[in-house]
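Listing of input.txt; format and content: compact mmCIF, C-alpha atoms.
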# COMPACT_ATOMS: atom_id res chain seq x y z
CA MET A 1 -45.02 146.87 136.08
CA MET A 2 -47.49 149.15 134.28
CA ASP A 3 -50.09 147.66 131.94
CA LEU A 4 -51.65 149.21 128.83
CA GLU A 5 -54.74 150.46 130.62
CA THR A 6 -52.73 152.16 133.39
CA VAL A 7 -50.46 153.88 130.87
CA TYR A 8 -53.39 154.91 128.64
CA GLN A 9 -55.33 156.43 131.54
CA GLY A 10 -52.23 157.90 133.14
CA ILE A 11 -51.16 159.77 130.01
CA GLN A 12 -54.56 161.41 129.70
CA GLU A 13 -54.40 162.42 133.33
CA GLY A 14 -51.01 163.97 132.66
CA ARG A 15 -49.03 161.54 134.83
CA ARG A 16 -45.35 161.72 133.90
CA ARG A 17 -44.37 158.16 134.79
CA ALA A 18 -47.12 156.80 132.56
CA LEU A 19 -46.05 159.14 129.76
CA ALA A 20 -42.40 158.12 130.15
CA ARG A 21 -43.25 154.41 130.00
CA GLY A 22 -45.63 154.89 127.05
CA LEU A 23 -42.88 156.71 125.15
CA SER A 24 -40.53 153.75 125.72
CA TRP A 25 -43.12 151.37 124.26
CA VAL A 26 -43.64 153.58 121.22
CA ASP A 27 -39.87 154.00 120.82
CA GLU A 28 -39.30 150.23 120.79
CA GLY A 29 -42.06 149.83 118.17
CA SER A 30 -43.71 147.02 120.11
CA ASP A 31 -47.30 145.80 119.77
CA ARG A 32 -48.28 147.46 123.04
CA GLY A 33 -46.70 150.70 121.75
CA ASN A 34 -48.81 150.53 118.59
CA ALA A 35 -51.94 149.66 120.58
CA LEU A 36 -51.36 152.64 122.88
CA LEU A 37 -50.72 154.96 119.93
CA GLY A 38 -53.91 153.85 118.21
CA ARG A 39 -56.01 154.51 121.29
CA LEU A 40 -54.44 157.89 122.07
CA PHE A 41 -54.45 159.27 118.52
CA PRO A 42 -58.09 160.48 118.72
CA HIS A 43 -57.21 162.42 121.89
CA ALA A 44 -54.37 164.30 120.19
CA GLY A 45 -54.48 167.18 117.71
CA HIS A 46 -54.54 170.16 120.05
CA ALA A 47 -50.87 171.00 120.48
CA HIS A 48 -48.90 173.42 118.36
CA VAL A 49 -46.00 171.31 117.08
CA ILE A 50 -42.89 173.35 116.32
CA GLY A 51 -39.90 171.76 114.57
CA ILE A 52 -36.42 173.15 115.11
CA THR A 53 -33.82 172.13 112.55
CA GLY A 54 -30.43 173.28 111.30
CA ALA A 55 -26.79 172.27 110.98
CA PRO A 56 -24.86 170.87 113.97
CA GLY A 57 -23.56 173.59 116.30
CA VAL A 58 -25.92 176.43 115.37
CA GLY A 59 -27.45 176.37 118.87
CA LYS A 60 -30.67 174.41 118.47
CA SER A 61 -30.70 173.06 122.05
CA THR A 62 -29.89 176.45 123.55
CA LEU A 63 -32.66 177.99 121.48
CA VAL A 64 -35.12 175.30 122.65
CA ASN A 65 -34.15 176.11 126.26
CA ALA A 66 -34.71 179.86 125.74
CA LEU A 67 -37.99 179.31 123.88
CA THR A 68 -39.25 177.03 126.63
CA LEU A 69 -38.51 179.59 129.36
CA HIS A 70 -40.32 182.25 127.37
CA LEU A 71 -43.37 180.08 126.67
CA ARG A 72 -43.60 179.17 130.37
CA LYS A 73 -44.01 182.85 131.25
CA THR A 74 -47.34 182.73 129.44
CA LYS A 75 -48.27 179.54 131.35
CA GLN A 76 -48.21 177.34 128.27
CA THR A 77 -47.03 173.79 129.00
CA VAL A 78 -44.17 172.53 126.84
CA GLY A 79 -43.21 169.03 125.70
CA ILE A 80 -39.77 168.61 124.14
CA LEU A 81 -38.49 165.81 121.92
CA ALA A 82 -34.78 166.01 121.13
CA VAL A 83 -33.36 163.61 118.55
CA ASP A 84 -29.67 162.71 118.39
CA PRO A 85 -27.99 160.32 115.96
CA SER A 86 -27.39 156.64 116.68
CA SER A 87 -24.06 155.12 115.69
CA PRO A 88 -24.46 153.31 112.36
CA PHE A 89 -21.95 150.71 113.58
CA THR A 90 -23.05 149.78 117.09
CA GLY A 91 -26.58 151.21 117.27
CA GLY A 92 -25.57 153.02 120.46
CA ALA A 93 -25.96 156.75 121.05
CA ILE A 94 -24.96 159.55 123.38
CA LEU A 95 -27.91 161.84 123.98
CA GLY A 96 -26.65 165.14 125.35
CA ASP A 97 -29.43 167.62 124.70
CA ARG A 98 -30.48 167.75 128.36
CA ILE A 99 -27.18 169.48 129.20
CA ARG A 100 -28.34 172.71 127.56
CA MET A 101 -31.86 172.51 128.92
CA GLN A 102 -31.10 172.67 132.61
CA ASP A 103 -33.13 175.83 133.19
CA SER A 104 -36.43 174.15 132.46
CA VAL A 105 -35.99 170.60 133.70
CA ASP A 106 -37.17 171.33 137.24
CA ASP A 107 -40.45 172.77 136.02
CA GLN A 108 -43.47 170.45 136.17
CA GLY A 109 -44.97 172.28 133.18
CA VAL A 110 -42.12 171.00 131.02
CA TYR A 111 -41.40 167.44 129.94
CA MET A 112 -38.33 166.56 127.95
CA ARG A 113 -37.43 163.30 126.28
CA SER A 114 -34.26 162.36 124.36
CA LEU A 115 -34.66 160.07 121.34
CA ALA A 116 -31.99 158.30 119.31
CA SER A 117 -32.48 158.22 115.54
CA ARG A 118 -32.01 154.41 115.53
CA GLY A 119 -30.93 154.19 111.91
CA HIS A 120 -33.77 156.33 110.60
CA VAL A 121 -32.75 158.95 108.05
CA GLY A 122 -34.53 162.25 107.59
CA GLY A 123 -33.44 163.98 110.81
CA LEU A 124 -35.88 162.31 113.20
CA SER A 125 -36.36 158.83 114.64
CA ARG A 126 -38.89 156.26 113.50
CA ALA A 127 -40.86 156.83 116.67
CA THR A 128 -40.92 160.63 116.61
CA PHE A 129 -44.46 160.91 115.25
CA GLY A 130 -45.77 158.43 117.81
CA ALA A 131 -43.91 160.22 120.60
CA LEU A 132 -45.37 163.60 119.72
CA THR A 133 -48.85 162.06 119.54
CA LEU A 134 -48.41 160.86 123.13
CA LEU A 135 -47.23 164.30 124.31
CA ASP A 136 -50.16 165.86 122.48
CA ALA A 137 -52.65 163.49 124.11
CA ALA A 138 -51.04 164.25 127.49
CA GLY A 139 -52.22 167.83 127.00
CA PHE A 140 -49.05 169.84 126.31
CA ASP A 141 -49.90 173.17 124.64
CA VAL A 142 -46.70 173.37 122.65
CA ILE A 143 -44.41 170.55 121.50
CA LEU A 144 -40.88 171.39 120.39
CA ILE A 145 -39.09 168.82 118.21
CA GLU A 146 -35.36 169.27 117.84
CA THR A 147 -33.94 167.32 114.89
CA VAL A 148 -30.44 165.88 114.63
CA GLY A 149 -27.95 168.34 113.18
CA ALA A 150 -29.36 168.55 109.70
CA GLY A 151 -27.94 169.32 106.29
CA GLN A 152 -29.78 169.27 103.02
CA ALA A 153 -32.05 166.25 103.10
CA GLU A 154 -33.31 166.06 106.68
CA VAL A 155 -36.75 167.43 105.90
CA ASP A 156 -38.95 164.88 107.74
CA VAL A 157 -39.79 167.48 110.36
CA MET A 158 -42.13 169.27 107.93
CA ARG A 159 -44.39 166.20 107.87
CA PHE A 160 -44.97 166.43 111.62
CA ALA A 161 -44.66 170.07 112.62
CA GLN A 162 -47.10 172.86 111.91
CA THR A 163 -44.34 175.45 112.19
CA VAL A 164 -40.74 174.77 111.15
CA LEU A 165 -37.87 176.92 112.40
CA VAL A 166 -34.66 176.66 110.38
CA VAL A 167 -31.73 177.79 112.51
CA LEU A 168 -28.48 179.17 111.13
CA ALA A 169 -25.44 180.78 112.71
CA PRO A 170 -22.79 183.10 111.32
CA GLY A 171 -19.25 181.93 110.81
CA LEU A 172 -19.94 178.40 109.68
CA GLY A 173 -18.28 179.08 106.35
CA ASP A 174 -20.35 179.18 103.23
CA ASP A 175 -23.34 178.05 105.24
CA ILE A 176 -26.22 179.35 103.21
CA GLN A 177 -24.84 178.07 99.95
CA ALA A 178 -24.53 174.65 101.57
CA ILE A 179 -28.18 174.41 102.56
CA LYS A 180 -29.88 176.34 99.78
CA ALA A 181 -31.87 173.35 98.59
CA GLY A 182 -33.84 171.17 100.95
CA ILE A 183 -34.14 172.73 104.36
CA LEU A 184 -34.21 176.31 103.08
CA GLU A 185 -37.49 175.43 101.41
CA ILE A 186 -39.17 173.99 104.50
CA GLY A 187 -38.61 176.90 106.89
CA ASN A 188 -41.67 178.87 107.98
CA ILE A 189 -39.43 181.03 110.14
CA PHE A 190 -35.66 181.51 109.84
CA VAL A 191 -33.54 182.12 112.89
CA VAL A 192 -30.04 183.51 112.70
CA ASN A 193 -28.74 182.50 116.12
CA LYS A 194 -25.50 183.68 117.76
CA GLY A 195 -26.59 187.08 116.48
CA ASP A 196 -24.03 188.84 118.67
CA ARG A 197 -21.20 187.30 116.67
CA GLU A 198 -19.38 188.93 113.84
CA GLY A 199 -20.96 188.28 110.47
CA ALA A 200 -24.51 187.80 111.77
CA ASP A 201 -25.89 190.71 109.75
CA ARG A 202 -24.17 189.42 106.64
CA THR A 203 -25.79 186.02 107.21
CA VAL A 204 -29.20 187.71 107.53
CA ARG A 205 -28.62 189.64 104.30
CA SER A 206 -27.50 186.68 102.22
CA LEU A 207 -30.34 184.59 103.65
CA ARG A 208 -32.81 187.28 102.63
CA SER A 209 -31.54 187.40 99.04
CA MET A 210 -31.47 183.59 98.84
CA LEU A 211 -35.05 183.33 100.11
CA GLY A 212 -36.17 185.82 97.51
CA LEU A 213 -35.12 183.27 94.91
CA THR A 214 -36.58 180.13 96.45
CA SER A 215 -39.78 181.26 98.16
CA THR A 216 -42.59 178.88 97.29
CA SER A 217 -45.47 180.10 99.43
CA LEU A 218 -47.47 183.03 98.12
CA ASP A 219 -49.19 184.17 101.30
CA TRP A 220 -46.69 183.54 104.06
CA VAL A 221 -43.36 185.30 103.74
CA PRO A 222 -40.94 183.57 106.14
CA PRO A 223 -39.55 186.15 108.55
CA ILE A 224 -35.86 186.17 109.50
CA ILE A 225 -35.27 186.64 113.22
CA LYS A 226 -31.88 187.35 114.75
CA THR A 227 -31.40 185.80 118.21
CA SER A 228 -28.70 185.21 120.80
CA ALA A 229 -30.31 182.32 122.62
CA ASP A 230 -27.68 182.12 125.38
CA ARG A 231 -28.30 185.81 126.22
CA ASN A 232 -32.05 185.50 125.76
CA GLU A 233 -32.04 188.15 123.02
CA GLY A 234 -34.59 188.12 120.22
CA ILE A 235 -36.63 185.35 121.81
CA GLY A 236 -39.71 187.54 122.35
CA GLU A 237 -39.67 188.47 118.69
CA LEU A 238 -39.31 184.82 117.72
CA VAL A 239 -42.27 183.77 119.89
CA GLN A 240 -44.31 186.53 118.24
CA ALA A 241 -43.38 185.20 114.78
CA ILE A 242 -44.44 181.70 115.90
CA GLU A 243 -47.80 183.11 117.08
CA ASP A 244 -48.23 184.94 113.77
CA HIS A 245 -47.59 181.73 111.86
CA LYS A 246 -50.13 179.86 113.96
CA ALA A 247 -52.72 182.59 113.25
CA TYR A 248 -51.91 182.35 109.55
CA LEU A 249 -52.44 178.56 109.58
CA THR A 250 -55.73 178.88 111.44
CA ASN A 251 -57.07 181.71 109.27
CA HIS A 252 -56.30 179.85 106.07
CA ALA A 253 -57.83 176.61 107.35
CA ILE A 254 -54.43 174.93 106.96
CA TRP A 255 -54.42 173.86 110.61
CA ASP A 256 -57.33 171.47 110.06
CA GLN A 257 -55.81 169.99 106.93
CA MET A 258 -52.72 169.16 108.97
CA ARG A 259 -54.76 166.93 111.25
CA GLU A 260 -55.68 164.97 108.14
CA ARG A 261 -52.00 164.67 107.28
CA GLN A 262 -51.23 163.36 110.76
CA ALA A 263 -53.66 160.49 110.25
CA GLU A 264 -51.83 159.85 106.99
CA ASN A 265 -48.54 159.78 108.90
CA LEU A 266 -49.92 157.04 111.11
CA LEU A 267 -50.87 154.97 108.05
CA GLU A 268 -47.49 155.51 106.38
CA GLN A 269 -45.77 154.54 109.60
CA ALA A 270 -47.81 151.34 109.85
CA LEU A 271 -46.91 150.44 106.26
CA GLU A 272 -43.20 151.07 106.84
CA ASP A 273 -43.32 148.97 110.01
CA MET A 274 -44.99 146.14 108.10
CA VAL A 275 -42.31 146.15 105.40
CA GLU A 276 -39.65 146.05 108.12
CA ALA A 277 -41.42 143.11 109.75
CA VAL A 278 -41.61 141.25 106.42
CA LYS A 279 -37.87 141.73 105.87
CA LYS A 280 -37.00 140.60 109.37
CA GLU A 281 -39.24 137.55 109.28
CA SER A 282 -38.13 136.38 105.83
CA ARG A 283 -34.47 136.75 106.80
CA ARG A 284 -35.14 134.69 109.89
CA GLN A 285 -36.94 132.00 107.86
CA GLY A 286 -34.28 132.00 105.15
CA GLU A 287 -36.70 132.85 102.32
CA TRP A 288 -34.96 136.19 101.93
CA TYR A 289 -31.68 134.49 100.94
CA ARG A 290 -33.38 132.05 98.56
CA ALA A 291 -35.01 135.04 96.85
CA VAL A 292 -31.68 136.88 96.65
CA SER A 293 -29.93 134.00 94.93
CA SER A 294 -32.83 133.55 92.46
CA ILE A 295 -32.74 137.26 91.63
CA ARG A 296 -29.02 136.89 90.95
CA GLN A 297 -29.93 134.25 88.36
CA GLY A 298 -32.19 136.78 86.65
CA GLU A 299 -35.59 136.29 88.25
CA SER A 300 -37.91 139.20 88.97
CA ALA A 301 -37.38 141.10 92.25
CA PRO A 302 -40.93 142.57 92.42
CA ALA A 303 -42.38 139.06 92.06
CA PHE A 304 -40.34 137.90 95.06
CA ALA A 305 -41.36 141.00 97.03
CA ARG A 306 -45.02 140.11 96.45
CA GLU A 307 -44.28 136.51 97.43
CA LEU A 308 -42.58 137.52 100.69
CA ILE A 309 -45.45 139.84 101.61
CA SER A 310 -48.12 137.26 100.88
CA GLN A 311 -46.27 134.60 102.92
CA TRP A 312 -46.00 137.04 105.81
CA LEU A 313 -49.69 137.91 105.56
CA GLN A 314 -50.68 134.26 105.67
CA LYS A 315 -48.84 133.89 108.95
CA ASN A 316 -49.65 137.27 110.50
CA GLY A 317 -52.75 138.46 108.67
CA MET B 1 -32.51 148.79 123.52
CA ILE B 2 -30.90 149.48 126.90
CA ARG B 3 -31.13 153.14 128.00
CA VAL B 4 -28.69 154.48 130.59
CA LEU B 5 -28.51 157.80 132.44
CA VAL B 6 -24.96 158.78 133.39
CA ALA B 7 -25.28 161.24 136.27
CA LYS B 8 -22.79 163.55 138.01
CA PRO B 9 -24.31 164.75 141.28
CA GLY B 10 -22.92 167.33 143.65
CA LEU B 11 -20.08 169.76 143.40
CA ASP B 12 -17.19 167.82 141.94
CA GLY B 13 -16.17 169.07 138.54
CA HIS B 14 -14.48 166.02 137.08
CA ASP B 15 -16.44 164.19 134.43
CA ARG B 16 -13.66 162.53 132.47
CA GLY B 17 -14.58 159.17 133.99
CA ALA B 18 -18.28 159.67 133.35
CA LYS B 19 -17.57 160.50 129.70
CA VAL B 20 -15.35 157.44 129.28
CA ILE B 21 -18.16 155.26 130.64
CA ALA B 22 -20.71 156.99 128.41
CA ARG B 23 -18.62 156.26 125.32
CA ALA B 24 -17.98 152.67 126.31
CA LEU B 25 -21.68 152.03 126.82
CA ARG B 26 -22.52 153.69 123.52
CA ASP B 27 -19.93 151.54 121.77
CA ALA B 28 -21.62 148.52 123.35
CA GLY B 29 -24.83 149.57 121.57
CA MET B 30 -26.63 151.29 124.42
CA GLU B 31 -28.37 154.68 124.41
CA VAL B 32 -26.68 156.91 126.94
CA ILE B 33 -28.17 160.13 128.28
CA TYR B 34 -25.63 162.49 129.81
CA THR B 35 -26.90 165.54 131.69
CA GLY B 36 -23.67 167.33 132.60
CA LEU B 37 -22.08 168.39 135.87
CA HIS B 38 -23.47 169.61 139.20
CA GLN B 39 -26.82 167.84 139.25
CA THR B 40 -28.95 167.69 142.38
CA PRO B 41 -30.43 164.33 143.43
CA GLU B 42 -33.86 165.75 142.50
CA GLN B 43 -32.70 166.63 138.97
CA ILE B 44 -31.11 163.21 138.53
CA VAL B 45 -34.21 161.31 139.59
CA ASP B 46 -36.45 163.55 137.49
CA ALA B 47 -34.25 162.90 134.43
CA ALA B 48 -34.15 159.14 135.12
CA LEU B 49 -37.95 159.01 135.36
CA SER B 50 -38.62 161.27 132.35
CA GLU B 51 -36.21 159.32 130.17
CA ASP B 52 -37.51 156.00 131.56
CA VAL B 53 -33.99 154.57 131.71
CA ASP B 54 -33.15 150.95 132.54
CA VAL B 55 -29.89 151.87 134.25
CA LEU B 56 -28.79 154.80 136.41
CA ALA B 57 -24.98 155.12 136.55
CA ILE B 58 -23.82 157.63 139.18
CA SER B 59 -20.26 158.97 139.26
CA ILE B 60 -18.95 160.71 142.39
CA LEU B 61 -15.35 161.67 143.10
CA SER B 62 -15.90 164.27 145.79
CA GLY B 63 -16.48 162.00 148.77
CA ALA B 64 -20.08 163.20 149.13
CA HIS B 65 -21.55 159.79 148.30
CA PRO B 66 -22.70 159.08 151.91
CA THR B 67 -25.23 161.93 151.59
CA LEU B 68 -25.96 162.02 147.86
CA VAL B 69 -26.53 158.33 147.18
CA PRO B 70 -29.06 157.60 149.97
CA ARG B 71 -30.96 160.75 148.91
CA ILE B 72 -31.16 159.56 145.29
CA MET B 73 -32.30 156.08 146.39
CA GLU B 74 -34.91 157.58 148.69
CA LEU B 75 -36.35 159.69 145.85
CA LEU B 76 -36.46 156.65 143.55
CA ARG B 77 -38.36 154.68 146.18
CA ALA B 78 -40.73 157.59 146.78
CA ASN B 79 -41.60 157.33 143.07
CA ASP B 80 -42.14 153.55 143.31
CA VAL B 81 -39.18 152.74 141.09
CA ASP B 82 -38.19 149.12 141.66
CA ASP B 83 -36.92 147.98 138.26
CA MET B 84 -34.00 150.37 137.68
CA LEU B 85 -30.42 149.07 137.90
CA VAL B 86 -28.37 151.55 139.95
CA LEU B 87 -24.56 151.58 139.57
CA LEU B 88 -22.04 153.73 141.41
CA GLY B 89 -18.55 154.67 140.25
CA GLY B 90 -15.78 157.09 141.11
CA ILE B 91 -13.80 157.26 144.34
CA ILE B 92 -15.73 155.10 146.81
CA PRO B 93 -13.61 153.80 149.74
CA GLU B 94 -13.85 150.05 150.29
CA ASP B 95 -15.32 150.63 153.76
CA ASP B 96 -18.27 152.56 152.33
CA VAL B 97 -19.30 149.92 149.79
CA PRO B 98 -21.54 147.90 152.16
CA ALA B 99 -23.44 151.06 153.14
CA MET B 100 -23.92 152.01 149.50
CA LYS B 101 -25.29 148.55 148.72
CA ALA B 102 -27.52 148.68 151.76
CA ALA B 103 -28.90 151.96 150.41
CA GLY B 104 -29.93 150.11 147.25
CA VAL B 105 -26.97 150.43 144.86
CA HIS B 106 -26.60 147.19 142.89
CA GLN B 107 -22.87 147.43 142.21
CA VAL B 108 -19.92 149.73 142.92
CA PHE B 109 -17.14 150.12 140.31
CA GLY B 110 -13.91 151.71 141.52
CA PRO B 111 -10.97 153.29 139.68
CA GLY B 112 -9.28 151.00 137.15
CA THR B 113 -12.42 149.01 136.40
CA ASP B 114 -12.40 147.57 132.89
CA THR B 115 -15.33 149.20 131.06
CA GLN B 116 -16.15 145.78 129.60
CA ASP B 117 -16.95 144.57 133.13
CA ILE B 118 -19.56 147.32 133.45
CA VAL B 119 -21.02 146.46 130.04
CA ASP B 120 -21.18 142.78 131.01
CA PHE B 121 -22.79 143.56 134.36
CA ILE B 122 -25.51 145.65 132.69
CA ARG B 123 -26.19 143.03 130.01
CA GLN B 124 -26.35 140.30 132.62
CA HIS B 125 -29.05 142.22 134.51
CA LYS B 126 -30.90 143.93 131.67
CA GLY B 127 -30.56 141.54 128.72
CA THR B 128 -28.52 142.00 125.55
CA ALA B 129 -29.09 144.51 122.70
Write out the structure in this file as structure tokens.
Amino acid sequence: MMDLETVYQGIQEGRRRALARGLSWVDEGSDRGNALLGRLFPHAGHAHVIGITGAPGVGKSTLVNALTLHLRKTKQTVGILAVDPSSPFTGGAILGDRIRMQDSVDDQGVYMRSLASRGHVGGLSRATFGALTLLDAAGFDVILIETVGAGQAEVDVMRFAQTVLVVLAPGLGDDIQAIKAGILEIGNIFVVNKGDREGADRTVRSLRSMLGLTSTSLDWVPPIIKTSADRNEGIGELVQAIEDHKAYLTNHAIWDQMRERQAENLLEQALEDMVEAVKKESRRQGEWYRAVSSIRQGESAPAFARELISQWLQKNG
Amino acid sequence: MIRVLVAKPGLDGHDRGAKVIARALRDAGMEVIYTGLHQTPEQIVDAALSEDVDVLAISILSGAHPTLVPRIMELLRANDVDDMLVLLGGIIPEDDVPAMKAAGVHQVFGPGTDTQDIVDFIRQHKGTA
């Protein structure tokens, strides 16, 4: 049985067992997970966090595998977080992203972890930010976060990643139309994967005209890169675009501002966790249901919310 | 939350059973990591450690269990793993079961096992949820 001190030390020494156990604690949202996260946060902030998002079936996992192999040629170490959806009915999940990442799993410079979304919306899991903080503190140069197959609203990844890749593939019907709002706006780099398939050039063209309409950033023009991840084509160009984006962030002092935002993420996370704890506790104590029936009779919901929080604080403050 | 790795070591190419188990465990509210066919014992143990799973469920139909299973158990021990529940399924002749258990497997589930029995066994040893 590993204790907090062992895990804390072990992660900084780059020991994989310690990292794996620490990630479980953070994933379960336990007190020891939060304690570990708090202590490791000051040691993080060095990694380049790259988010990979896009609709189901566009080849995100295959692209992560190809990117990892390419990054390893330059001796950069790579941490991977792959998020898959949990069943809304049973809470269970099948996490299959390792299947497409077989080429890198034997390499000690690569660590991969599968996460289930556990009811969290936004394309990631509640624990994703904590998990990437642990990987960062463990010293990985690059961290790749693969979101669940995302549509229009799964834009959480932009809060955590410095560089966001939005992945598309040809032949998914009216794909660009379907995602024009939301994730089209968060991409720093666009990848048209399965570029060897018919219609890839048409997808690139319509993407280019769509981006011309929605571009929000004045200085960085998101490049569109065509890849065939399973044939390892276009990956060098993609890695170059990622490097260019990192240089852009550093030169415009955006990189340092992002560190500030990560501290903010930690605070937001703590607040969300507290609200969850208040709900859980008041349901358990029955106060929740008393409040619900009073609100049905016309009493003020915000007043009860304040009441539930203050009761919780008295007990746990 | 109980996390399970469903592993298919060696050369046999039949993972219908493994997928049925994976679905049953998911439907019982567990998080199941499936890594695909043709895994070496080293890859399986590395995945089990990286994913920090509570349960390792191995499926073998090829008859290679007398070599593969002891190798997996040896690698787990070499990494000081003593709290992982290890289950074995597939085609395991009755006569081989004692040897598998002696190697460190906690339970062997043969063809025709009710998936609910596997779920119950895991919950009994690793808690509910």
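Pairwise distance (CA of Glu185 in chain A, CA of Phe41 in chain A) equals 29.0 Å.
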Would you mind listing what lies within 9 Å of Gly119 in chain A as a ChimeraX atom specification, with only C-alpha atoms counted and same-chain residues fewer than 4 positions away left out? /A:85-88,91,125-126
Would you give me, as JSON lines, each residue of chain A having an atom within 12 Å of an atom of chain B, along with its shortest atom pair and that distance in Å to one decimal, using all atoms listed in the file and sorting by chain and residue number?
{"residue": "A:Met1", "atom": "CA", "partner": "B:Asp83", "partner_atom": "CA", "distance": 8.5}
{"residue": "A:Met2", "atom": "CA", "partner": "B:Val81", "partner_atom": "CA", "distance": 11.3}
{"residue": "A:Arg15", "atom": "CA", "partner": "B:Ser50", "partner_atom": "CA", "distance": 10.7}
{"residue": "A:Arg16", "atom": "CA", "partner": "B:Ser50", "partner_atom": "CA", "distance": 6.9}
{"residue": "A:Arg17", "atom": "CA", "partner": "B:Leu49", "partner_atom": "CA", "distance": 6.5}
{"residue": "A:Ala18", "atom": "CA", "partner": "B:Ser50", "partner_atom": "CA", "distance": 9.6}
{"residue": "A:Leu19", "atom": "CA", "partner": "B:Ser50", "partner_atom": "CA", "distance": 8.2}
{"residue": "A:Ala20", "atom": "CA", "partner": "B:Ser50", "partner_atom": "CA", "distance": 5.4}
{"residue": "A:Arg21", "atom": "CA", "partner": "B:Asp52", "partner_atom": "CA", "distance": 6.2}
{"residue": "A:Gly22", "atom": "CA", "partner": "B:Asp52", "partner_atom": "CA", "distance": 9.4}
{"residue": "A:Leu23", "atom": "CA", "partner": "B:Asp52", "partner_atom": "CA", "distance": 8.4}
{"residue": "A:Ser24", "atom": "CA", "partner": "B:Asp52", "partner_atom": "CA", "distance": 6.9}
{"residue": "A:Trp25", "atom": "CA", "partner": "B:Asp52", "partner_atom": "CA", "distance": 10.3}
{"residue": "A:Asp27", "atom": "CA", "partner": "B:Met1", "partner_atom": "CA", "distance": 9.4}
{"residue": "A:Glu28", "atom": "CA", "partner": "B:Met1", "partner_atom": "CA", "distance": 7.5}
{"residue": "A:Gly29", "atom": "CA", "partner": "B:Met1", "partner_atom": "CA", "distance": 11.0}
{"residue": "A:Ser30", "atom": "CA", "partner": "B:Met1", "partner_atom": "CA", "distance": 11.8}
{"residue": "A:Gly79", "atom": "CA", "partner": "B:Ser50", "partner_atom": "CA", "distance": 11.2}
{"residue": "A:Ile80", "atom": "CA", "partner": "B:Ser50", "partner_atom": "CA", "distance": 11.1}
{"residue": "A:Leu81", "atom": "CA", "partner": "B:Glu51", "partner_atom": "CA", "distance": 10.7}
{"residue": "A:Ala82", "atom": "CA", "partner": "B:Glu51", "partner_atom": "CA", "distance": 11.3}
{"residue": "A:Val83", "atom": "CA", "partner": "B:Ile33", "partner_atom": "CA", "distance": 11.6}
{"residue": "A:Asp84", "atom": "CA", "partner": "B:Glu31", "partner_atom": "CA", "distance": 10.1}
{"residue": "A:Pro85", "atom": "CA", "partner": "B:Glu31", "partner_atom": "CA", "distance": 10.2}
{"residue": "A:Ser86", "atom": "CA", "partner": "B:Glu31", "partner_atom": "CA", "distance": 8.0}
{"residue": "A:Ser87", "atom": "CA", "partner": "B:Arg26", "partner_atom": "CA", "distance": 8.1}
{"residue": "A:Pro88", "atom": "CA", "partner": "B:Gly29", "partner_atom": "CA", "distance": 9.9}
{"residue": "A:Phe89", "atom": "CA", "partner": "B:Asp27", "partner_atom": "CA", "distance": 8.5}
{"residue": "A:Thr90", "atom": "CA", "partner": "B:Gly29", "partner_atom": "CA", "distance": 4.8}
{"residue": "A:Gly91", "atom": "CA", "partner": "B:Gly29", "partner_atom": "CA", "distance": 4.9}
{"residue": "A:Gly92", "atom": "CA", "partner": "B:Gly29", "partner_atom": "CA", "distance": 3.7}
{"residue": "A:Ala93", "atom": "CA", "partner": "B:Glu31", "partner_atom": "CA", "distance": 4.6}
{"residue": "A:Ile94", "atom": "CA", "partner": "B:Val32", "partner_atom": "CA", "distance": 4.8}
{"residue": "A:Leu95", "atom": "CA", "partner": "B:Ile33", "partner_atom": "CA", "distance": 4.6}
{"residue": "A:Gly96", "atom": "CA", "partner": "B:Tyr34", "partner_atom": "CA", "distance": 5.3}
{"residue": "A:Asp97", "atom": "CA", "partner": "B:Thr35", "partner_atom": "CA", "distance": 7.7}
{"residue": "A:Arg98", "atom": "CA", "partner": "B:Thr35", "partner_atom": "CA", "distance": 5.4}
{"residue": "A:Ile99", "atom": "CA", "partner": "B:Thr35", "partner_atom": "CA", "distance": 4.7}
{"residue": "A:Arg100", "atom": "CA", "partner": "B:Thr35", "partner_atom": "CA", "distance": 8.4}
{"residue": "A:Met101", "atom": "CA", "partner": "B:Thr35", "partner_atom": "CA", "distance": 9.0}
{"residue": "A:Gln102", "atom": "CA", "partner": "B:Thr35", "partner_atom": "CA", "distance": 8.3}
{"residue": "A:Asp103", "atom": "CA", "partner": "B:Gln43", "partner_atom": "CA", "distance": 10.9}
{"residue": "A:Ser104", "atom": "CA", "partner": "B:Gln43", "partner_atom": "CA", "distance": 10.6}
{"residue": "A:Val105", "atom": "CA", "partner": "B:Gln43", "partner_atom": "CA", "distance": 7.4}
{"residue": "A:Asp106", "atom": "CA", "partner": "B:Gln43", "partner_atom": "CA", "distance": 6.7}
{"residue": "A:Asp107", "atom": "CA", "partner": "B:Asp46", "partner_atom": "CA", "distance": 10.2}
{"residue": "A:Gln108", "atom": "CA", "partner": "B:Asp46", "partner_atom": "CA", "distance": 9.9}
{"residue": "A:Val110", "atom": "CA", "partner": "B:Ser50", "partner_atom": "CA", "distance": 10.4}
{"residue": "A:Tyr111", "atom": "CA", "partner": "B:Ser50", "partner_atom": "CA", "distance": 7.2}
{"residue": "A:Met112", "atom": "CA", "partner": "B:Ser50", "partner_atom": "CA", "distance": 6.9}
{"residue": "A:Arg113", "atom": "CA", "partner": "B:Glu51", "partner_atom": "CA", "distance": 5.7}
{"residue": "A:Ser114", "atom": "CA", "partner": "B:Glu51", "partner_atom": "CA", "distance": 6.8}
{"residue": "A:Leu115", "atom": "CA", "partner": "B:Glu31", "partner_atom": "CA", "distance": 8.8}
{"residue": "A:Ala116", "atom": "CA", "partner": "B:Glu31", "partner_atom": "CA", "distance": 7.2}
{"residue": "A:Ser117", "atom": "CA", "partner": "B:Glu31", "partner_atom": "CA", "distance": 10.4}
{"residue": "A:Arg118", "atom": "CA", "partner": "B:Glu31", "partner_atom": "CA", "distance": 9.6}
